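Okay, final27.tsv now, which holds TSV, C-alpha atoms:
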```tsv
chain	number	residue	atom	x	y	z
A	723	MET	CA	67.18	204.99	116.90
A	724	LYS	CA	64.61	207.42	118.13
A	725	ALA	CA	65.02	211.09	117.28
A	726	ILE	CA	64.83	212.03	120.95
A	727	GLN	CA	68.00	210.07	121.63
A	728	TRP	CA	69.93	211.99	118.99
A	729	ILE	CA	68.70	215.22	120.52
A	730	LEU	CA	69.88	214.07	123.94
A	731	ILE	CA	73.25	213.03	122.56
A	732	ALA	CA	73.69	216.42	120.95
A	733	ALA	CA	72.65	218.13	124.15
A	734	ILE	CA	75.16	216.35	126.35
A	735	ALA	CA	78.04	215.71	123.96
A	736	SER	CA	80.07	218.86	124.38
A	737	PRO	CA	80.27	219.00	128.19
A	738	VAL	CA	81.22	215.33	128.29
A	739	LEU	CA	84.07	215.75	125.83
A	740	ALA	CA	85.50	218.35	128.17
A	741	GLY	CA	84.84	216.15	131.21
A	742	CYS	CA	86.87	214.40	133.84
A	743	ASP	CA	89.66	212.01	132.81
A	744	ASP	CA	88.06	208.83	134.05
A	745	THR	CA	84.60	209.62	132.77
A	746	LEU	CA	84.05	208.12	129.35
A	747	ALA	CA	82.09	209.81	126.60
A	748	PRO	CA	78.42	208.80	126.40
A	749	PHE	CA	77.77	205.59	124.56
A	750	ASN	CA	74.31	206.40	123.19
A	751	GLY	CA	74.45	205.38	119.54
A	752	ASP	CA	76.81	202.49	120.29
A	753	ALA	CA	75.32	199.27	118.89
A	754	GLU	CA	75.71	197.40	122.16
A	755	VAL	CA	74.01	200.18	124.10
A	756	ASP	CA	71.20	200.23	121.56
A	757	ARG	CA	70.67	196.53	122.12
A	758	VAL	CA	70.29	197.15	125.83
A	759	LEU	CA	68.02	200.15	125.34
A	760	ASN	CA	65.68	198.04	123.23
A	761	ALA	CA	65.64	195.05	125.57
A	762	THR	CA	63.28	194.21	128.38
A	763	PHE	CA	64.63	192.68	131.56
A	764	THR	CA	62.86	190.32	133.95
A	765	GLN	CA	63.80	190.37	137.63
A	766	THR	CA	66.01	187.45	138.70
A	767	ASP	CA	67.07	188.33	142.24
A	768	ARG	CA	66.47	191.00	144.85
A	769	PHE	CA	68.16	191.96	148.09
A	770	GLY	CA	67.01	194.27	150.85
A	771	LEU	CA	67.88	193.35	154.41
A	772	PRO	CA	70.91	191.05	154.72
A	773	ALA	CA	70.06	187.37	155.08
A	774	ILE	CA	66.54	187.95	156.36
A	775	ALA	CA	64.75	186.76	153.26
A	776	THR	CA	66.66	183.52	153.15
A	777	VAL	CA	66.15	182.76	156.79
A	778	PHE	CA	62.42	183.14	156.67
A	779	ILE	CA	61.34	182.13	153.18
A	780	PRO	CA	60.89	178.38	152.58
A	781	THR	CA	63.09	176.85	149.91
A	782	ASN	CA	60.21	176.05	147.62
A	783	GLN	CA	59.18	179.73	147.62
A	784	LYS	CA	62.66	181.23	147.12
A	785	ASP	CA	62.46	181.76	143.38
A	786	ALA	CA	59.05	183.37	143.64
A	787	TYR	CA	60.32	185.56	146.47
A	788	ASN	CA	63.37	186.67	144.49
A	789	ARG	CA	61.08	187.76	141.67
A	790	GLY	CA	58.65	189.44	144.06
A	791	GLN	CA	58.06	193.07	144.93
A	792	PRO	CA	58.53	194.56	148.41
A	793	SER	CA	55.10	196.17	148.26
A	794	ASN	CA	53.57	192.68	148.39
A	795	ASP	CA	55.86	191.29	151.11
A	796	ALA	CA	53.74	192.01	154.18
A	797	ALA	CA	50.67	190.41	152.65
A	798	GLU	CA	52.47	187.41	151.19
A	799	TYR	CA	55.14	186.53	153.75
A	800	THR	CA	54.13	187.70	157.24
A	801	ASP	CA	52.77	184.24	158.08
A	802	GLU	CA	56.06	182.60	157.07
A	803	VAL	CA	58.16	184.95	159.20
A	804	VAL	CA	55.91	184.56	162.23
A	805	THR	CA	55.98	180.78	161.87
A	806	VAL	CA	59.77	180.64	161.85
A	807	LEU	CA	60.17	183.05	164.75
A	808	MET	CA	57.70	181.10	166.84
A	809	ALA	CA	59.59	177.93	165.96
A	810	PHE	CA	62.64	179.65	167.46
A	811	GLY	CA	60.65	180.03	170.66
A	812	GLN	CA	59.35	183.57	170.37
A	813	SER	CA	55.89	184.51	171.54
A	814	ALA	CA	53.21	185.25	168.97
A	815	ALA	CA	53.25	188.93	169.91
A	816	SER	CA	57.02	189.21	169.64
A	817	ALA	CA	57.06	187.31	166.35
A	818	SER	CA	54.38	189.56	164.88
A	819	GLY	CA	56.24	192.68	165.93
A	820	LEU	CA	59.48	191.47	164.37
A	821	ALA	CA	57.72	190.43	161.19
A	822	ALA	CA	56.32	193.93	160.84
A	823	ALA	CA	59.83	195.34	161.24
A	824	LEU	CA	61.41	192.94	158.74
A	825	LEU	CA	58.85	193.30	155.95
A	826	PRO	CA	58.91	194.73	153.35
A	827	ASP	CA	62.38	193.36	152.57
A	828	ALA	CA	64.13	196.68	151.89
A	829	GLN	CA	66.82	198.67	153.69
A	830	PRO	CA	65.31	201.62	155.50
A	831	ILE	CA	67.59	204.63	155.70
A	832	ASP	CA	66.91	208.09	157.10
A	833	VAL	CA	69.52	210.18	155.34
A	834	THR	CA	69.22	212.96	157.93
A	835	GLN	CA	70.66	210.63	160.59
A	836	PRO	CA	74.00	208.82	160.97
A	837	SER	CA	74.06	205.49	159.17
A	838	GLY	CA	74.42	202.04	160.70
A	839	PHE	CA	72.39	198.85	160.61
A	840	LEU	CA	69.29	199.17	160.73
A	841	ASN	CA	69.48	202.75	159.56
A	842	GLY	CA	70.98	201.73	156.25
A	843	ARG	CA	73.88	199.30	156.35
A	844	ARG	CA	77.57	200.18	156.41
A	845	PRO	CA	80.16	197.63	155.28
A	846	GLN	CA	81.62	197.44	158.78
A	847	ASP	CA	78.28	196.68	160.46
A	848	ASP	CA	78.29	193.21	162.05
A	849	VAL	CA	74.92	192.18	160.67
A	850	ILE	CA	75.37	188.44	161.23
A	851	THR	CA	75.90	188.86	164.96
A	852	ALA	CA	72.89	191.18	165.04
A	853	GLU	CA	70.80	188.49	163.36
A	854	LEU	CA	72.13	185.66	165.52
A	855	GLY	CA	71.07	187.73	168.50
A	856	LEU	CA	67.67	188.20	167.00
A	857	ILE	CA	67.21	184.48	166.49
A	858	PHE	CA	69.08	182.88	169.39
A	859	GLY	CA	68.67	185.61	172.00
A	860	ALA	CA	70.58	184.93	175.23
A	861	SER	CA	72.36	181.75	174.09
A	862	ALA	CA	75.98	182.87	174.44
A	863	ALA	CA	77.29	179.92	172.43
A	864	LEU	CA	75.15	180.84	169.44
A	865	ASN	CA	74.37	184.54	169.52
A	866	ASP	CA	77.77	185.79	168.29
A	867	ASP	CA	80.10	184.30	165.68
A	868	HIS	CA	83.02	186.36	167.05
A	869	VAL	CA	83.99	187.61	163.60
A	870	ASP	CA	83.59	191.29	164.25
A	871	ALA	CA	85.26	192.87	161.24
A	872	ASN	CA	86.24	192.31	157.64
A	873	ASP	CA	89.57	190.70	156.73
A	874	LYS	CA	90.68	193.92	155.02
A	875	PRO	CA	90.08	197.43	156.34
A	876	PHE	CA	87.52	199.42	154.40
A	877	LEU	CA	88.54	202.63	152.67
A	878	ALA	CA	87.63	206.00	154.17
A	879	SER	CA	86.59	207.31	150.78
A	880	PHE	CA	85.01	206.14	147.55
A	881	PRO	CA	84.65	203.31	146.59
A	882	TYR	CA	84.93	202.31	150.29
A	883	LEU	CA	85.29	198.57	149.60
A	884	ALA	CA	88.83	197.20	149.93
A	885	ALA	CA	91.05	196.28	147.00
A	886	PRO	CA	90.71	192.70	145.76
A	887	HIS	CA	92.82	189.74	146.77
A	888	LEU	CA	95.06	189.16	143.78
A	889	GLN	CA	97.28	186.27	142.89
B	544	MET	CA	80.51	174.87	143.20
B	545	ARG	CA	80.77	178.24	144.83
B	546	SER	CA	78.73	178.75	147.89
B	547	ARG	CA	77.28	182.12	148.71
B	548	HIS	CA	76.24	184.27	151.56
B	549	ARG	CA	72.70	183.12	151.65
B	550	GLU	CA	73.79	179.63	152.53
B	551	GLY	CA	74.87	180.94	155.86
B	552	SER	CA	71.50	182.45	156.37
B	553	ALA	CA	69.70	179.31	155.34
B	554	ALA	CA	71.99	177.49	157.70
B	555	LEU	CA	70.62	179.49	160.60
B	556	VAL	CA	67.31	177.82	160.05
B	557	ILE	CA	68.86	174.40	159.91
B	558	ALA	CA	70.54	175.12	163.21
B	559	ALA	CA	67.25	175.89	164.81
B	560	THR	CA	66.05	172.51	163.66
B	561	ALA	CA	69.17	170.72	164.82
B	562	ILE	CA	69.10	172.48	168.14
B	563	GLY	CA	65.75	170.97	168.79
B	564	THR	CA	62.92	173.31	168.10
B	565	PHE	CA	60.84	171.20	165.78
B	566	GLY	CA	61.05	169.69	162.36
B	567	LEU	CA	61.29	172.51	159.86
B	568	ALA	CA	61.92	169.98	157.16
B	569	ARG	CA	60.94	172.20	154.30
B	570	TRP	CA	63.66	174.70	155.24
B	571	ALA	CA	66.32	172.08	155.82
B	572	VAL	CA	68.40	172.57	152.71
B	573	GLY	CA	71.95	171.32	152.80
B	574	ALA	CA	74.56	173.91	153.68
B	575	ASP	CA	76.50	173.20	150.50
B	576	HIS	CA	73.58	173.94	148.24
B	577	ARG	CA	72.18	177.23	147.20
B	578	ASP	CA	68.78	178.04	148.50
B	579	SER	CA	67.28	178.93	145.15
B	580	ALA	CA	67.24	176.58	142.22
B	581	ALA	CA	67.20	179.34	139.63
B	582	LEU	CA	70.10	181.30	141.13
B	583	THR	CA	72.25	178.22	141.56
B	584	ALA	CA	72.41	178.12	137.79
B	585	ASP	CA	72.94	181.87	137.48
B	586	PRO	CA	75.65	183.13	139.87
B	587	ALA	CA	76.22	186.32	137.86
B	588	ALA	CA	72.69	187.40	138.75
B	589	ASP	CA	73.08	186.33	142.36
B	590	ILE	CA	73.22	189.34	144.69
B	591	ALA	CA	75.54	188.73	147.64
B	592	ASP	CA	74.88	191.96	149.55
B	593	VAL	CA	73.50	195.49	149.36
B	594	TYR	CA	74.80	198.41	151.43
B	595	THR	CA	73.36	201.91	151.93
B	596	PHE	CA	75.07	204.57	154.02
B	597	ARG	CA	75.98	208.23	154.14
B	598	ASN	CA	79.44	209.32	153.12
B	599	PRO	CA	81.04	209.56	156.59
B	600	SER	CA	82.90	212.74	155.68
B	601	ASN	CA	80.14	214.33	153.57
B	602	PRO	CA	76.72	213.48	155.02
B	603	SER	CA	74.91	215.17	152.15
B	604	ASN	CA	75.93	212.22	149.95
B	605	VAL	CA	74.50	208.70	150.08
B	606	VAL	CA	76.47	205.62	149.02
B	607	LEU	CA	74.74	202.60	147.46
B	608	ALA	CA	76.71	199.40	146.92
B	609	MET	CA	75.74	196.01	145.51
B	610	THR	CA	77.92	192.89	145.35
B	611	VAL	CA	77.33	189.88	143.08
B	612	SER	CA	79.12	186.66	142.10
B	613	GLY	CA	80.47	185.88	145.57
B	614	LEU	CA	83.57	183.84	146.43
B	615	ILE	CA	85.75	184.79	143.49
B	616	PRO	CA	89.22	183.37	144.28
B	617	PRO	CA	92.36	185.53	143.82
B	618	ALA	CA	93.30	183.54	140.73
B	619	GLU	CA	90.10	184.68	139.01
B	620	ALA	CA	90.12	188.33	140.12
B	621	SER	CA	91.83	189.63	136.99
B	622	THR	CA	89.29	187.97	134.69
B	623	ALA	CA	86.05	188.32	136.68
B	624	ALA	CA	83.44	190.01	134.50
B	625	PHE	CA	79.90	191.29	134.74
B	626	ASP	CA	77.16	189.68	132.62
B	627	ARG	CA	76.14	191.67	129.53
B	628	ASN	CA	72.57	190.41	129.72
B	629	ILE	CA	71.89	191.59	133.25
B	630	LEU	CA	70.47	194.93	134.33
B	631	TYR	CA	71.67	195.83	137.83
B	632	GLN	CA	69.40	198.26	139.68
B	633	PHE	CA	69.10	200.09	142.97
B	634	ARG	CA	65.41	200.72	143.59
B	635	ILE	CA	64.52	203.64	145.82
B	636	ASP	CA	61.17	204.22	147.50
B	637	ASN	CA	60.91	207.77	148.84
B	638	ASP	CA	57.25	207.94	149.88
B	639	GLY	CA	56.86	204.89	152.10
B	640	ASP	CA	54.76	202.60	149.91
B	641	ALA	CA	57.59	200.12	149.14
B	642	VAL	CA	57.22	200.79	145.41
B	643	GLU	CA	60.26	202.24	143.66
B	644	ASP	CA	59.94	205.93	142.79
B	645	LEU	CA	63.48	206.17	141.42
B	646	VAL	CA	66.01	203.71	140.08
B	647	ILE	CA	69.73	203.81	139.47
B	648	GLN	CA	70.50	201.42	136.63
B	649	ALA	CA	73.79	199.85	135.56
B	650	PHE	CA	74.71	197.58	132.66
B	651	VAL	CA	77.95	196.56	130.96
B	652	THR	CA	79.15	196.55	127.39
B	653	GLY	CA	82.37	195.26	125.93
B	654	ASN	CA	84.12	191.94	126.09
B	655	SER	CA	85.17	190.36	129.33
B	656	SER	CA	88.67	191.82	129.32
B	657	ASN	CA	87.56	195.38	128.57
B	658	GLN	CA	84.17	196.08	130.08
B	659	VAL	CA	82.51	199.45	130.56
B	660	MET	CA	79.71	199.95	133.11
B	661	HIS	CA	76.99	202.39	132.08
B	662	PHE	CA	74.82	204.17	134.63
B	663	ARG	CA	71.39	205.83	134.35
B	664	GLY	CA	69.51	207.72	137.04
B	665	PRO	CA	68.46	208.39	139.65
B	666	VAL	CA	65.39	208.55	137.41
B	667	ALA	CA	61.73	207.54	137.65
B	668	PRO	CA	61.44	204.12	136.00
B	669	SER	CA	59.31	203.78	132.90
B	670	MET	CA	57.77	200.75	134.58
B	671	SER	CA	58.01	199.44	138.12
B	672	GLY	CA	58.00	195.89	139.33
B	673	LEU	CA	58.96	192.60	137.68
B	674	VAL	CA	59.83	193.83	134.18
B	675	SER	CA	62.28	196.68	133.56
B	676	SER	CA	63.71	198.62	130.67
B	677	VAL	CA	66.67	200.95	130.61
B	678	ASP	CA	65.98	204.66	130.83
B	679	HIS	CA	66.36	206.21	127.39
B	680	GLY	CA	67.66	209.53	128.68
B	681	ALA	CA	71.26	210.54	128.99
B	682	GLU	CA	73.78	208.33	130.68
B	683	THR	CA	74.65	209.50	134.16
B	684	ALA	CA	78.20	208.22	133.97
B	685	THR	CA	80.29	205.47	132.47
B	686	VAL	CA	83.35	203.84	133.96
B	687	ARG	CA	85.77	201.12	132.98
B	688	VAL	CA	85.39	197.95	135.03
B	689	SER	CA	88.30	197.58	137.48
B	690	ASN	CA	90.02	194.22	137.72
B	691	GLY	CA	93.13	195.24	139.64
B	692	ALA	CA	94.20	196.80	142.92
B	693	ASP	CA	93.50	200.35	141.79
B	694	ALA	CA	89.85	201.41	141.67
B	695	ILE	CA	88.92	203.23	138.47
B	696	VAL	CA	86.37	205.84	139.45
B	697	ALA	CA	84.30	208.22	137.35
B	698	THR	CA	82.61	211.42	138.47
B	699	ARG	CA	79.87	213.29	136.72
B	700	ASP	CA	77.23	215.78	137.86
B	701	GLY	CA	78.13	215.25	141.52
B	702	MET	CA	77.83	211.47	141.27
B	703	GLN	CA	80.69	209.01	141.63
B	704	VAL	CA	80.60	205.49	140.22
B	705	PHE	CA	82.70	202.35	140.45
B	706	ALA	CA	82.32	198.84	139.04
B	707	GLY	CA	84.75	195.98	139.41
B	708	VAL	CA	86.31	193.29	141.53
B	709	ARG	CA	86.85	194.04	145.23
B	710	ASP	CA	87.50	192.17	148.43
B	711	ASP	CA	84.21	190.67	149.65
B	712	PRO	CA	83.08	193.06	152.40
B	713	PHE	CA	80.96	190.35	154.06
B	714	PHE	CA	82.30	188.55	157.14
B	715	PHE	CA	80.93	185.48	158.95
B	716	ASP	CA	82.30	182.29	160.50
B	717	LEU	CA	80.21	180.14	158.21
B	718	ALA	CA	82.54	177.14	158.59
B	719	GLN	CA	82.01	176.95	162.34
B	720	PHE	CA	78.32	177.42	161.83
B	721	GLN	CA	78.29	174.43	159.55
B	722	ALA	CA	80.17	172.48	162.23
B	723	ILE	CA	77.44	173.41	164.69
B	724	LEU	CA	74.80	172.26	162.26
B	725	THR	CA	76.38	168.88	161.75
B	726	GLY	CA	76.86	168.30	165.46
B	727	GLN	CA	80.64	168.66	165.40
B	728	ALA	CA	80.51	171.76	167.59
B	729	THR	CA	78.09	173.21	170.12
B	730	GLY	CA	78.92	176.88	169.68
B	731	PHE	CA	81.00	179.46	167.90
B	732	ARG	CA	84.74	179.85	168.28
B	733	ASN	CA	86.20	182.89	169.99
B	734	PRO	CA	87.83	184.40	168.08
B	735	GLY	CA	85.97	183.19	165.03
B	736	VAL	CA	87.36	182.73	161.54
B	737	ASP	CA	85.94	184.69	158.61
B	738	THR	CA	84.96	182.15	155.95
B	739	PHE	CA	84.90	184.94	153.35
B	740	ALA	CA	88.42	186.19	154.11
B	741	GLY	CA	90.64	186.17	151.06
B	742	THR	CA	87.76	186.07	148.57
B	743	ASN	CA	86.42	188.64	146.14
B	744	VAL	CA	83.14	189.83	144.69
B	745	LEU	CA	82.06	191.98	141.77
B	746	ALA	CA	80.89	195.31	143.17
B	747	ILE	CA	78.89	198.27	141.87
B	748	VAL	CA	79.22	201.40	144.03
B	749	VAL	CA	77.44	204.70	143.47
B	750	GLU	CA	77.69	207.87	145.55
B	751	VAL	CA	74.95	210.38	144.91
B	752	PRO	CA	73.77	213.61	146.55
B	753	ALA	CA	70.90	212.69	148.86
B	754	ALA	CA	69.00	215.65	147.43
B	755	LEU	CA	68.59	213.68	144.18
B	756	LEU	CA	66.72	210.85	145.92
B	757	GLY	CA	63.48	212.74	146.39
B	758	GLY	CA	63.09	212.36	150.14
B	759	THR	CA	64.87	211.68	153.40
B	760	GLN	CA	63.08	208.54	154.64
B	761	LEU	CA	64.05	205.97	152.03
B	762	LYS	CA	63.63	202.27	151.47
B	763	ILE	CA	66.25	200.84	149.15
B	764	TRP	CA	66.76	197.40	147.62
B	765	GLY	CA	68.85	195.95	144.84
B	766	THR	CA	67.73	193.79	141.94
B	767	THR	CA	69.24	191.89	139.04
B	768	SER	CA	67.16	191.38	135.92
B	769	ARG	CA	67.98	189.32	132.84
B	770	SER	CA	67.18	190.08	129.21
```

This structure in C-alpha cells:
Amino acid sequence: MKAIQWILIAAIASPVLAGCDDTLAPFNGDAEVDRVLNATFTQTDRFGLPAIATVFIPTNQKDAYNRGQPSNDAAEYTDEVVTVLMAFGQSAASASGLAAALLPDAQPIDVTQPSGFLNGRRPQDDVITAELGLIFGASAALNDDHVDANDKPFLASFPYLAAPHLQ
Amino acid sequence: MRSRHREGSAALVIAATAIGTFGLARWAVGADHRDSAALTADPAADIADVYTFRNPSNPSNVVLAMTVSGLIPPAEASTAAFDRNILYQFRIDNDGDAVEDLVIQAFVTGNSSNQVMHFRGPVAPSMSGLVSSVDHGAETATVRVSNGADAIVATRDGMQVFAGVRDDPFFFDLAQFQAILTGQATGFRNPGVDTFAGTNVLAIVVEVPAALLGGTQLKIWGTTSRS
C-alpha cells in the first residue's frame, strides 16, 4: 500500500469514527478495497439520454457504441441518427437538427433551473411518450403509450425511488 | 431470459419498419433479444436508466441515480447483489466538451448477502475515457446495500448515498408495443399497462451539493466498467 494512502487514512479516521450512524468507517486498508484500488476497469456500458442510443444505433454497432465516449458521438453517429429519422419520414433539415440535439449521448442539466426531461430527467418524467412523439409525431395511435406514471409513487425525499416489490 | 428497457427502444425501430417506412433490416432485432451481444451475457453491467435532477425541496442539491440489472422479480429482491468486479460511475462534464471533468465512483465489497457500496468523488478522474481506475483518495461515503423495504442511507460531508434493490422507476407499455410490432394491434391501449410494474432493479443514488460539480451547465452520463 502506498504511503499516501496511510496518510489519508490517518487524516480522515477520527472524524469518521465520530460520524453518523449509517456511515461506515473508511475501508482503505481492507484487502478487498486494495484489490479494487489496484485494478483497472474497461467500460462495458454507458447511458445518457433514455432509449435514444438504442433507437438510433444499428445492432452491429451497439457494443462499440456502449464502449464509446460522448465526445466522439457527433462525429461517429450523426449519419446514423439522421438516416433513421429520415426513414421515419422527417425532412433532412429536421433530422439534422434533432441529431444535433441528441448527440452527444449525455443528459444535459442546468442546475440553476427546475429539472424535468430534457433539463435532466426526473423519475416521474414520461420519457417514452416524449420519444414516441418525437418519432411518430401526430399519429395518435402510436405517439402515446398511455402509461403516464410509475406503478409505485416516488418518495419526496432521498433516495426518491420507491421501495422494492418483495415476496 | 430477462428482457430490459432497451428492448423497448429497439422495438420502436422495428415498429417503424413494420408500419411501412422501408426495410431497416439491420435494426430489426427481435423484441425478445437484447440489442447488444456483450451485454446480453452481462446483465449486472447492463444500465437500465440514469436520472439527474435537483432535490425538489433543496434546489442547491443535485440527485444522480443509476439503475442496473432490470426486471428483478419480487422473489429475488432479497438476494439481488451488485457485481464486485464492476466499477459504477457517474461522469460529469462541466465545461461543455462532453469529456468528463469529474466522476463519482461506486464499487461493492463483501459477499452477496452482506455487501457494502463504497463511493469516491466527485473528483477529477486520473484518466478519462475507456479505461478507468478508482480514485486513491479518501472514500466519500460507504453504505450497506439495502435488500429490504427500508432504505439504508449514509450521509457524509453534505453528500447522501444509497445502494440497493428498489422498485424499477421505469414505466412503459412494452407488451402492447410488441403486439403492435407483430401486427396483433394497431395502436396503444388507453389506459396502457406498465410492463415494468411489479419488478425491481438495483439502484445507486447519490445526492450532492451542486457547488461540488464545478459548473451549472452540466452533461452527465453513467457507465459500468469491468475489471

Take every atom of segment 826-830 of chain A listed in the file, pad by 3 Å on each side, and give me the axis-aligned box centre and edge lengths in Å, one decimal, as AutoDock Vina command-line options.
```
--center_x 62.9 --center_y 197.5 --center_z 153.7 --size_x 13.9 --size_y 14.3 --size_z 9.6
```

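Between atom CA of Gly757 of chain B and atom CA of Leu645 of chain B the interatomic distance comes to 8.2 Å.
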
Note to self: Ranking B:Asn657, B:Asn628, B:Thr742, B:Thr766 by minimum distance to Ala884 of chain A and counting all atoms listed in the file, which one comes first?
What the structure shows: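 Under the stated criterion, the closest residue is B:Thr742.
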
Next item on the list: Give the answer as one residue: which of A:Val806, A:Val758, A:Leu840, A:Ala796 has the shortest atom-to-atom distance to Ile779 of chain A, using all atoms listed in the file?
Entry: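 Nearest to Ile779 of chain A: A:Val806.
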
Next item on the list: Find the residue from B:Ala746, B:Lys762, B:Ala684, B:Val708 that sits nearest to Thr622 of chain B; use all atoms listed in the file when measuring.
Entry: B:Val708

Note to self: Using Å and a single decimal, report how far atom CA of Arg634 of chain B sits from atom CA of Pro845 of chain A.
What the structure shows: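 If I compute the distance from atom CA of Pro845 of chain A to atom CA of Arg634 of chain B, I get 19.1 Å.
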
Item checked: Neighbour list for Asp873 of chain A as a PyMOL selection string, cut-off 12 Å, all atoms listed in the file, skip fewer than 5 positions in-chain -> (chain A and resi 845-846+883-887) or (chain B and resi 710-716+735-743)

Cut-off 6 Å: closest chain A/chain B atom pairs per residue, using all atoms listed in the file, as a Markdown table:
```
| residue | atom | partner | partner_atom | distance |
| --- | --- | --- | --- | --- |
| A:Asp744 | CA | B:Ala697 | CA | 5.0 |
| A:Thr745 | CA | B:Ala697 | CA | 4.8 |
| A:Leu746 | CA | B:Thr685 | CA | 5.6 |
| A:Leu759 | CA | B:Val677 | CA | 5.5 |
| A:Thr762 | CA | B:Ser676 | CA | 5.0 |
| A:Phe763 | CA | B:Ser770 | CA | 4.3 |
| A:Thr764 | CA | B:Val674 | CA | 4.6 |
| A:Gln765 | CA | B:Ser768 | CA | 3.9 |
| A:Thr766 | CA | B:Ser768 | CA | 4.9 |
| A:Asp767 | CA | B:Thr767 | CA | 5.3 |
| A:Arg768 | CA | B:Thr766 | CA | 4.2 |
| A:Phe769 | CA | B:Gly765 | CA | 5.2 |
| A:Gly770 | CA | B:Trp764 | CA | 4.5 |
| A:Ala773 | CA | B:Ser552 | CA | 5.3 |
| A:Thr776 | CA | B:Ala553 | CA | 5.6 |
| A:Val777 | CA | B:Ala553 | CA | 5.2 |
| A:Pro780 | CA | B:Trp570 | CA | 5.3 |
| A:Thr781 | CA | B:Trp570 | CA | 5.8 |
| A:Lys784 | CA | B:Ser579 | CA | 5.5 |
| A:Asp785 | CA | B:Ser579 | CA | 5.9 |
| A:Pro792 | CA | B:Ala641 | CA | 5.7 |
| A:Ser793 | CA | B:Ala641 | CA | 4.8 |
| A:Ala828 | CA | B:Trp764 | CA | 5.1 |
| A:Gln829 | CA | B:Ile763 | CA | 5.1 |
| A:Pro830 | CA | B:Lys762 | CA | 4.4 |
| A:Ile831 | CA | B:Leu761 | CA | 5.3 |
| A:Asp832 | CA | B:Gln760 | CA | 4.6 |
| A:Val833 | CA | B:Thr759 | CA | 5.3 |
| A:Ser837 | CA | B:Phe596 | CA | 5.3 |
| A:Gly842 | CA | B:Thr595 | CA | 4.9 |
| A:Arg843 | CA | B:Tyr594 | CA | 5.1 |
| A:Arg844 | CA | B:Phe596 | CA | 5.6 |
| A:Ala863 | CA | B:Gly730 | CA | 4.4 |
| A:Leu864 | CA | B:Gly730 | CA | 5.5 |
| A:Asp867 | CA | B:Phe731 | CA | 5.4 |
| A:His868 | CA | B:Gly735 | CA | 4.8 |
| A:Val869 | CA | B:Gly735 | CA | 5.0 |
| A:Asn872 | CA | B:Phe714 | CA | 5.5 |
| A:Asp873 | CA | B:Ala740 | CA | 5.3 |
| A:Ala884 | CA | B:Asp710 | CA | 5.4 |
| A:Ala885 | CA | B:Arg709 | CA | 5.1 |
| A:Pro886 | CA | B:Arg709 | CA | 4.1 |
| A:His887 | CA | B:Pro617 | CA | 5.2 |
| A:Leu888 | CA | B:Pro617 | CA | 4.5 |
| A:Gln889 | CA | B:Pro617 | CA | 5.1 |
```

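Taking atom CA of Val688 of chain B and atom CA of Gln658 of chain B as endpoints, the distance between them is 5.4 Å.
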
Check: In file coordinates, which residues lie within 7 Å of (78.3, 188.3, 166.1) using all atoms listed in the file, given as a list in words?
Finding: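 Checking each residue against the 7 Å limit leaves Asp848, Ile850, Thr851, Ala852, Leu854, Asn865, Asp866, Asp867, His868, Val869 and Asp870 of chain A.
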